[in-house]
>>> print(open('coords35.cif').read())   # mmCIF, C-alpha atoms
data_coords
loop_
_atom_site.label_atom_id
_atom_site.label_comp_id
_atom_site.auth_asym_id
_atom_site.auth_seq_id
_atom_site.Cartn_x
_atom_site.Cartn_y
_atom_site.Cartn_z
CA MET A 1 -83.48 71.49 37.42
CA CYS A 2 -84.44 69.85 34.13
CA LEU A 3 -82.55 70.65 30.96
CA PRO A 4 -84.44 70.42 27.65
CA ILE A 5 -83.04 68.01 25.10
CA SER A 6 -84.14 66.48 21.81
CA LEU A 7 -83.43 62.80 21.33
CA ALA A 8 -83.97 60.65 18.29
CA ALA A 9 -85.14 57.50 20.00
CA ALA A 10 -87.82 54.85 19.95
CA PRO A 11 -91.04 55.90 21.68
CA PRO A 12 -90.77 55.34 25.44
CA VAL A 13 -93.05 53.10 27.45
CA LEU A 14 -95.80 55.52 28.44
CA SER A 15 -97.99 54.86 31.48
CA GLU A 16 -99.36 51.92 29.56
CA LYS A 17 -101.48 50.68 32.44
CA LEU A 18 -103.62 53.81 32.45
CA THR A 19 -106.49 54.58 30.13
CA ASP A 20 -107.61 58.10 29.26
CA GLU A 21 -110.74 57.45 31.32
CA GLN A 22 -108.69 56.48 34.39
CA ILE A 23 -106.56 59.61 34.10
CA ALA A 24 -109.63 61.81 33.72
CA GLN A 25 -111.27 60.17 36.74
CA ALA A 26 -108.13 60.62 38.87
CA ARG A 27 -108.09 64.32 37.98
CA ALA A 28 -111.79 64.70 38.72
CA ASP A 29 -111.28 63.04 42.11
CA TYR A 30 -108.06 64.87 42.98
CA THR A 31 -109.49 67.35 45.47
CA LYS A 32 -111.49 64.56 47.10
CA THR A 33 -108.32 62.45 47.28
CA THR A 34 -106.29 65.13 49.04
CA LYS A 35 -109.11 66.03 51.43
CA ALA A 36 -109.57 62.35 52.30
CA LEU A 37 -105.88 62.14 53.16
CA GLU A 38 -106.23 65.10 55.51
CA THR A 39 -109.17 63.42 57.25
CA TYR A 40 -107.24 60.16 57.42
CA ARG A 41 -104.28 61.94 59.01
CA THR A 42 -106.46 63.39 61.75
CA GLU A 43 -107.93 59.98 62.50
CA GLN A 44 -104.60 58.17 62.45
CA LEU A 45 -102.95 60.75 64.69
CA LYS A 46 -105.61 60.16 67.33
CA ILE A 47 -104.95 56.42 67.19
CA TYR A 48 -101.18 56.99 67.26
CA ASN A 49 -101.41 59.25 70.31
CA LYS A 50 -103.54 56.71 72.15
CA ALA A 51 -101.12 53.84 71.41
CA ARG A 52 -99.56 52.59 74.64
CA THR A 53 -96.80 50.36 73.33
CA LYS A 54 -94.10 50.67 70.69
CA ALA A 55 -95.68 47.79 68.78
CA GLU A 56 -99.00 49.63 68.63
CA LYS A 57 -97.31 52.78 67.33
CA VAL A 58 -95.37 50.79 64.73
CA LYS A 59 -98.63 49.26 63.52
CA VAL A 60 -100.15 52.71 63.02
CA LEU A 61 -97.06 53.85 61.11
CA GLU A 62 -97.18 50.76 58.90
CA GLU A 63 -100.86 51.28 58.14
CA THR A 64 -100.24 54.93 57.34
CA ARG A 65 -97.28 54.14 55.09
CA THR A 66 -99.38 51.64 53.14
CA ARG A 67 -102.14 54.23 52.64
CA LEU A 68 -99.76 56.98 51.54
CA GLN A 69 -97.92 54.78 49.07
CA ALA A 70 -101.17 53.45 47.63
CA ASP A 71 -102.65 56.93 47.20
CA LEU A 72 -99.46 58.27 45.64
CA ASN A 73 -99.21 55.40 43.14
CA ASP A 74 -102.90 54.89 42.38
CA LYS A 75 -104.40 58.37 42.68
CA ILE A 76 -101.79 61.17 42.74
CA PHE A 77 -99.51 59.94 39.93
CA PRO A 78 -102.38 59.02 37.57
CA ALA A 79 -103.93 62.47 37.99
CA TRP A 80 -100.70 64.15 36.92
CA ASP A 81 -100.04 61.74 34.05
CA GLY A 82 -99.80 63.61 30.74
CA THR A 83 -99.41 67.07 32.30
CA THR A 84 -97.08 69.11 30.10
CA TRP A 85 -93.45 69.58 31.15
CA ALA A 86 -91.80 73.01 31.00
CA PHE A 87 -88.49 74.20 32.44
CA HIS A 88 -90.25 76.89 34.50
CA GLY A 89 -93.53 75.01 34.97
CA ILE A 90 -95.13 75.49 38.40
CA SER A 91 -98.66 74.10 37.97
CA THR A 92 -100.58 73.06 41.07
CA LYS A 93 -103.44 71.38 39.19
CA PRO A 94 -103.01 68.04 37.38
CA GLY A 95 -103.62 68.25 33.65
CA GLU A 96 -103.48 72.03 33.55
CA GLY A 97 -100.57 74.34 32.82
CA GLU A 98 -97.01 73.07 32.87
CA ILE A 99 -94.78 71.52 35.52
CA ALA A 100 -91.02 71.12 35.86
CA CYS A 101 -89.44 68.01 37.34
CA GLY A 102 -88.63 69.50 40.75
CA TYR A 103 -92.08 71.02 41.05
CA PHE A 104 -93.65 67.69 40.16
CA VAL A 105 -91.88 66.05 43.12
CA SER A 106 -92.55 68.85 45.60
CA THR A 107 -96.16 69.37 44.50
CA CYS A 108 -97.09 65.69 44.81
CA LEU A 109 -95.68 65.57 48.34
CA LYS A 110 -97.15 68.93 49.33
CA GLN A 111 -100.62 67.99 48.14
CA MET A 112 -100.41 64.69 50.02
CA GLY A 113 -100.08 66.76 53.17
CA PHE A 114 -96.34 66.92 53.81
CA ASN A 115 -95.51 70.23 55.47
CA ILE A 116 -92.99 71.62 53.00
CA ASN A 117 -92.19 74.85 51.19
CA ARG A 118 -93.17 73.62 47.72
CA ILE A 119 -91.46 76.39 45.78
CA LYS A 120 -88.21 76.47 47.73
CA LEU A 121 -87.87 72.69 47.71
CA ALA A 122 -88.50 72.45 43.97
CA GLN A 123 -85.67 74.88 43.26
CA GLN A 124 -83.02 72.84 45.08
CA ALA A 125 -80.43 70.48 43.66
CA SER A 126 -81.85 66.97 43.58
CA GLN A 127 -79.62 65.72 46.39
CA ARG A 128 -80.98 68.42 48.71
CA ILE A 129 -84.54 67.50 47.79
CA ILE A 130 -83.86 63.91 48.81
CA LYS A 131 -81.94 64.87 51.95
CA THR A 132 -84.95 66.88 53.11
CA PHE A 133 -86.74 63.57 53.69
CA VAL A 134 -83.97 60.96 53.93
CA PRO A 135 -80.86 61.06 56.16
CA ARG A 136 -77.58 61.23 54.24
CA LYS A 137 -76.47 57.85 55.60
CA LYS A 138 -79.54 56.21 54.07
CA MET A 139 -79.04 57.74 50.63
CA SER A 140 -77.31 55.89 47.81
CA ILE A 141 -75.05 58.07 45.67
CA SER A 142 -73.37 56.54 42.65
CA SER A 143 -71.60 57.55 39.48
CA GLY A 144 -71.19 55.52 36.33
CA LYS A 145 -73.09 52.42 37.45
CA SER A 146 -74.93 50.36 34.85
CA MET A 147 -78.68 49.96 34.89
CA GLU A 148 -78.15 46.33 35.79
CA GLN A 149 -76.34 47.46 38.95
CA ILE A 150 -79.07 49.99 39.69
CA THR A 151 -81.72 47.30 39.29
CA GLU A 152 -79.87 45.03 41.70
CA TYR A 153 -79.60 47.85 44.23
CA LEU A 154 -83.33 48.49 44.06
CA LYS A 155 -84.12 44.78 44.42
CA THR A 156 -81.91 44.64 47.50
CA THR A 157 -83.34 47.78 49.07
CA GLY A 158 -86.85 46.52 48.44
CA ASN A 159 -90.36 47.51 47.47
CA GLY A 160 -91.42 51.07 48.02
CA THR A 161 -91.11 54.60 46.71
CA TYR A 162 -87.85 56.44 46.10
CA ILE A 163 -86.91 59.94 45.08
CA VAL A 164 -84.12 59.77 42.52
CA GLY A 165 -81.82 62.66 41.67
CA LEU A 166 -79.90 62.68 38.40
CA ASP A 167 -77.41 64.89 36.56
CA THR A 168 -80.04 67.51 35.73
CA HIS A 169 -83.31 65.89 36.75
CA VAL A 170 -85.37 64.53 39.65
CA GLY A 171 -88.33 62.18 39.93
CA PHE A 172 -89.76 59.16 41.69
CA VAL A 173 -89.01 55.47 41.30
CA THR A 174 -91.56 52.88 42.39
CA VAL A 175 -90.53 49.30 43.06
CA GLU A 176 -92.96 46.40 43.26
CA GLY A 177 -91.07 43.14 42.91
CA ASP A 178 -89.49 43.02 39.47
CA GLU A 179 -91.52 45.96 38.19
CA MET A 180 -89.62 49.20 38.58
CA ARG A 181 -91.00 52.42 37.16
CA PHE A 182 -89.67 55.93 36.75
CA VAL A 183 -92.40 58.53 37.39
CA HIS A 184 -91.33 62.05 36.45
CA SER A 185 -92.03 65.18 34.47
CA SER A 186 -90.00 64.27 31.43
CA TYR A 187 -88.15 66.77 29.27
CA TYR A 188 -87.31 64.18 26.61
CA SER A 189 -88.88 64.63 23.18
CA PRO A 190 -91.25 63.90 21.59
CA GLU A 191 -93.59 63.75 24.60
CA ARG A 192 -92.49 66.27 27.19
CA GLN A 193 -94.90 65.46 29.98
CA VAL A 194 -95.44 63.65 33.26
CA LYS A 195 -95.20 59.93 32.65
CA SER A 196 -94.60 56.57 34.27
CA GLU A 197 -92.21 54.36 32.34
CA LEU A 198 -89.98 51.36 32.88
CA ILE A 199 -86.69 52.44 34.40
CA ASP A 200 -84.49 50.89 31.70
CA GLY A 201 -86.03 52.65 28.70
CA LYS A 202 -84.69 55.71 26.89
CA ASN A 203 -85.06 58.21 29.71
CA PRO A 204 -82.98 60.49 31.97
CA LEU A 205 -82.61 57.78 34.64
CA ALA A 206 -81.05 55.30 32.24
CA ASP A 207 -78.93 57.96 30.51
CA SER A 208 -77.65 59.73 33.63
CA LYS A 209 -74.16 59.04 34.98
CA TYR A 210 -74.91 60.46 38.44
CA ARG A 211 -77.75 58.97 40.47
CA VAL A 212 -78.90 59.54 44.05
CA PHE A 213 -81.64 57.38 45.56
CA GLY A 214 -83.52 57.98 48.78
CA LYS A 215 -86.29 55.65 49.90
CA ILE A 216 -89.11 57.74 51.34
CA PHE A 217 -91.90 56.97 53.81
CA ALA A 218 -89.65 55.69 56.59
CA ASP A 219 -91.14 55.71 60.09
CA ASP A 220 -89.76 59.13 61.03
CA MET A 221 -91.13 60.69 57.84
CA ILE A 222 -94.54 59.12 58.45
CA GLU A 223 -94.57 60.31 62.07
CA LYS A 224 -93.81 63.87 60.99
CA TRP A 225 -96.62 63.66 58.43
CA LEU A 226 -99.06 62.51 61.11
CA LYS A 227 -98.07 65.40 63.38
CA ASN A 228 -97.94 67.89 60.51
CA GLU A 229 -94.38 68.80 61.43
CA PRO A 230 -92.40 70.86 58.91
CA PHE A 231 -89.67 69.44 56.69
CA PRO A 232 -87.05 72.22 56.41
CA VAL A 233 -85.13 72.17 53.12
CA ALA A 234 -81.83 70.38 53.70
CA LYS A 235 -78.60 72.36 53.59
#
>>> encode(input="coords35.cif", output="structure tokens")
Amino acid sequence: MCLPISLAAAPPVLSEKLTDEQIAQARADYTKTTKALETYRTEQLKIYNKARTKAEKVKVLEETRTRLQADLNDKIFPAWDGTTWAFHGISTKPGEGEIACGYFVSTCLKQMGFNINRIKLAQQASQRIIKTFVPRKKMSISSGKSMEQITEYLKTTGNGTYIVGLDTHVGFVTVEGDEMRFVHSSYYSPERQVKSELIDGKNPLADSKYRVFGKIFADDMIEKWLKNEPFPVAK
């Protein structure tokens, strides 16, 4: 759930690495991107099933994880960048219509090929969204921590992609060394839209008191993606 709010604040850091041309190209290529992932899954599953040793299977999972993270960061997120936020937004096409924060998370994962109920998942509390993909024992739940503490946690946990649940919001966090970005369908004024911004700007992640992090794309999640196994919404 995302609650609308008006804030008098300095302009946030907006997806500054992307040009309008790059966003337009990512949208034009979106169907090709998702179809290529489906083909890749079929090919990787064959290799995974033929693997004779644990080391061989681990290698396939590592390769698959690298591909999924790269496509999410470099193709899926850019296509959605600038798509309008709305509390009841349920768009399935980047750049068209409106999309709420939970639907942004569930739609990105659904269109990457994860076998989920996009609508049901999007309507859950953020902690349930995360728990659908990450075991409770591997989730980090905190209240009242500073952004400095959050940054240290992310550095310790390492590079990768996280789903983050907040007081009234949900999105992704990407970590690459010292660069940490919050990718979400933002309800903050003046630009209410999908954006990628530094985590310590004026945004719901920095302002929230309650934060839940779950690092996605672990081996079991990748294996289920390869096999097209369903991810039931967590209870």
>>> closest_atom_pairs(input="coords35.cif", of="region 37-85 of chain A", to="region 147-171 of chain A", cutoff="12 Å", atoms="all atoms listed in the file", output="CSV")
residue,atom,partner,partner_atom,distance
A:Arg65,CA,A:Gly160,CA,9.7
A:Thr66,CA,A:Gly160,CA,9.5
A:Leu68,CA,A:Thr161,CA,10.2
A:Gln69,CA,A:Thr161,CA,7.2
A:Ala70,CA,A:Gly160,CA,10.0
A:Asp71,CA,A:Thr161,CA,11.8
A:Leu72,CA,A:Thr161,CA,9.2
A:Asn73,CA,A:Thr161,CA,8.9
A:Phe77,CA,A:Gly171,CA,11.4
>>> closest_atom_pairs(input="coords35.cif", of="region 17-118 of chain A", to="region 124-141 of chain A", cutoff="10 Å", atoms="all atoms listed in the file", output="CSV")
residue,atom,partner,partner_atom,distance
A:Cys101,CA,A:Ser126,CA,9.9
A:Gly102,CA,A:Ser126,CA,7.8
A:Val105,CA,A:Ile129,CA,8.8
A:Ser106,CA,A:Ile129,CA,8.4
A:Ile116,CA,A:Thr132,CA,9.3
>>> atom_distance(input="coords35.cif", atom1="CA of Ser91 (chain A)", atom2="CA of Leu226 (chain A)")
25.9 Å
>>> resolve_selection(input="coords35.cif", expression="the PyMOL selection byres ((chain A and resi 228) around 8)", output="list in words")
Gly113, Phe114, Asn115, Lys224, Trp225, Leu226, Lys227, Glu229 and Pro230 of chain A
>>> atom_distance(input="coords35.cif", atom1="CA of Lys57 (chain A)", atom2="CA of Ile222 (chain A)")
11.3 Å
>>> resolve_selection(input="coords35.cif", expression="the PyMOL selection byres ((chain A and resi 191) around 10)", output="ChimeraX atom specification")
/A:11-12,14,82,84-85,186-190,192-195
>>> closest_residue(input="coords35.cif", among="A:Lys75, A:Val173, A:Lys54, A:His184", to="Gln22 (chain A)", atoms="all atoms listed in the file")
A:Lys75
>>> resolve_selection(input="coords35.cif", expression="the PyMOL selection byres ((chain A and resi 28-38) around 7)", output="list of chain:residue names")
A:Ala24, A:Gln25, A:Ala26, A:Arg27, A:Thr39, A:Tyr40, A:Arg41, A:Thr42, A:Ala79, A:Gln111, A:Met112, A:Gly113
>>> residues_around(input="coords35.cif", residues="region 58-62 of chain A", least_positions_apart="3", cutoff="10 Å", atoms="all atoms listed in the file", output="ChimeraX atom specification")
/A:44-45,47-49,51,53-55,65-68,217-223,226
>>> decode(input="coords35.cif", residues="region 115-129 of chain A", atoms="N, CA, C and O atoms", output="mmCIF file, in the first residue's frame")
data_model
loop_
_atom_site.group_PDB
_atom_site.id
_atom_site.type_symbol
_atom_site.label_atom_id
_atom_site.label_comp_id
_atom_site.auth_asym_id
_atom_site.auth_seq_id
_atom_site.Cartn_x
_atom_site.Cartn_y
_atom_site.Cartn_z
ATOM 1 N N ASN A 115 6.643 -17.223 -11.339
ATOM 2 C CA ASN A 115 5.288 -17.756 -11.348
ATOM 3 C C ASN A 115 4.540 -17.285 -10.094
ATOM 4 O O ASN A 115 4.527 -17.957 -9.068
ATOM 5 N N ILE A 116 3.945 -16.107 -10.204
ATOM 6 C CA ILE A 116 3.257 -15.496 -9.072
ATOM 7 C C ILE A 116 1.879 -15.013 -9.497
ATOM 8 O O ILE A 116 1.616 -14.803 -10.686
ATOM 9 N N ASN A 117 1.018 -14.813 -8.499
ATOM 10 C CA ASN A 117 -0.267 -14.156 -8.720
ATOM 11 C C ASN A 117 -0.006 -12.654 -8.550
ATOM 12 O O ASN A 117 0.078 -12.152 -7.440
ATOM 13 N N ARG A 118 0.163 -11.964 -9.654
ATOM 14 C CA ARG A 118 0.577 -10.560 -9.632
ATOM 15 C C ARG A 118 -0.355 -9.684 -8.816
ATOM 16 O O ARG A 118 0.090 -8.848 -8.010
ATOM 17 N N ILE A 119 -1.657 -9.880 -8.992
ATOM 18 C CA ILE A 119 -2.632 -9.021 -8.319
ATOM 19 C C ILE A 119 -2.678 -9.317 -6.825
ATOM 20 O O ILE A 119 -2.610 -8.401 -5.995
ATOM 21 N N LYS A 120 -2.772 -10.582 -6.477
ATOM 22 C CA LYS A 120 -2.847 -10.940 -5.059
ATOM 23 C C LYS A 120 -1.592 -10.517 -4.312
ATOM 24 O O LYS A 120 -1.662 -9.984 -3.192
ATOM 25 N N LEU A 121 -0.424 -10.742 -4.919
ATOM 26 C CA LEU A 121 0.824 -10.377 -4.260
ATOM 27 C C LEU A 121 0.911 -8.873 -4.040
ATOM 28 O O LEU A 121 1.321 -8.414 -2.966
ATOM 29 N N ALA A 122 0.513 -8.100 -5.039
ATOM 30 C CA ALA A 122 0.614 -6.644 -4.946
ATOM 31 C C ALA A 122 -0.245 -6.065 -3.827
ATOM 32 O O ALA A 122 0.054 -4.996 -3.296
ATOM 33 N N GLN A 123 -1.297 -6.780 -3.449
ATOM 34 C CA GLN A 123 -2.230 -6.272 -2.450
ATOM 35 C C GLN A 123 -1.850 -6.647 -1.017
ATOM 36 O O GLN A 123 -2.555 -6.287 -0.074
ATOM 37 N N GLN A 124 -0.732 -7.336 -0.857
ATOM 38 C CA GLN A 124 -0.306 -7.770 0.471
ATOM 39 C C GLN A 124 0.488 -6.691 1.196
ATOM 40 O O GLN A 124 1.034 -5.769 0.589
ATOM 41 N N ALA A 125 0.571 -6.838 2.523
ATOM 42 C CA ALA A 125 1.492 -6.012 3.299
ATOM 43 C C ALA A 125 2.904 -6.302 2.809
ATOM 44 O O ALA A 125 3.208 -7.408 2.368
ATOM 45 N N SER A 126 3.766 -5.306 2.899
ATOM 46 C CA SER A 126 5.105 -5.441 2.321
ATOM 47 C C SER A 126 5.880 -6.627 2.888
ATOM 48 O O SER A 126 6.624 -7.298 2.166
ATOM 49 N N GLN A 127 5.705 -6.914 4.170
ATOM 50 C CA GLN A 127 6.444 -8.033 4.755
ATOM 51 C C GLN A 127 6.029 -9.360 4.132
ATOM 52 O O GLN A 127 6.849 -10.250 3.923
ATOM 53 N N ARG A 128 4.759 -9.499 3.781
ATOM 54 C CA ARG A 128 4.292 -10.722 3.130
ATOM 55 C C ARG A 128 4.826 -10.822 1.702
ATOM 56 O O ARG A 128 5.108 -11.916 1.218
ATOM 57 N N ILE A 129 4.938 -9.691 1.039
ATOM 58 C CA ILE A 129 5.513 -9.698 -0.305
ATOM 59 C C ILE A 129 6.934 -10.243 -0.240
ATOM 60 O O ILE A 129 7.312 -11.125 -1.019
#
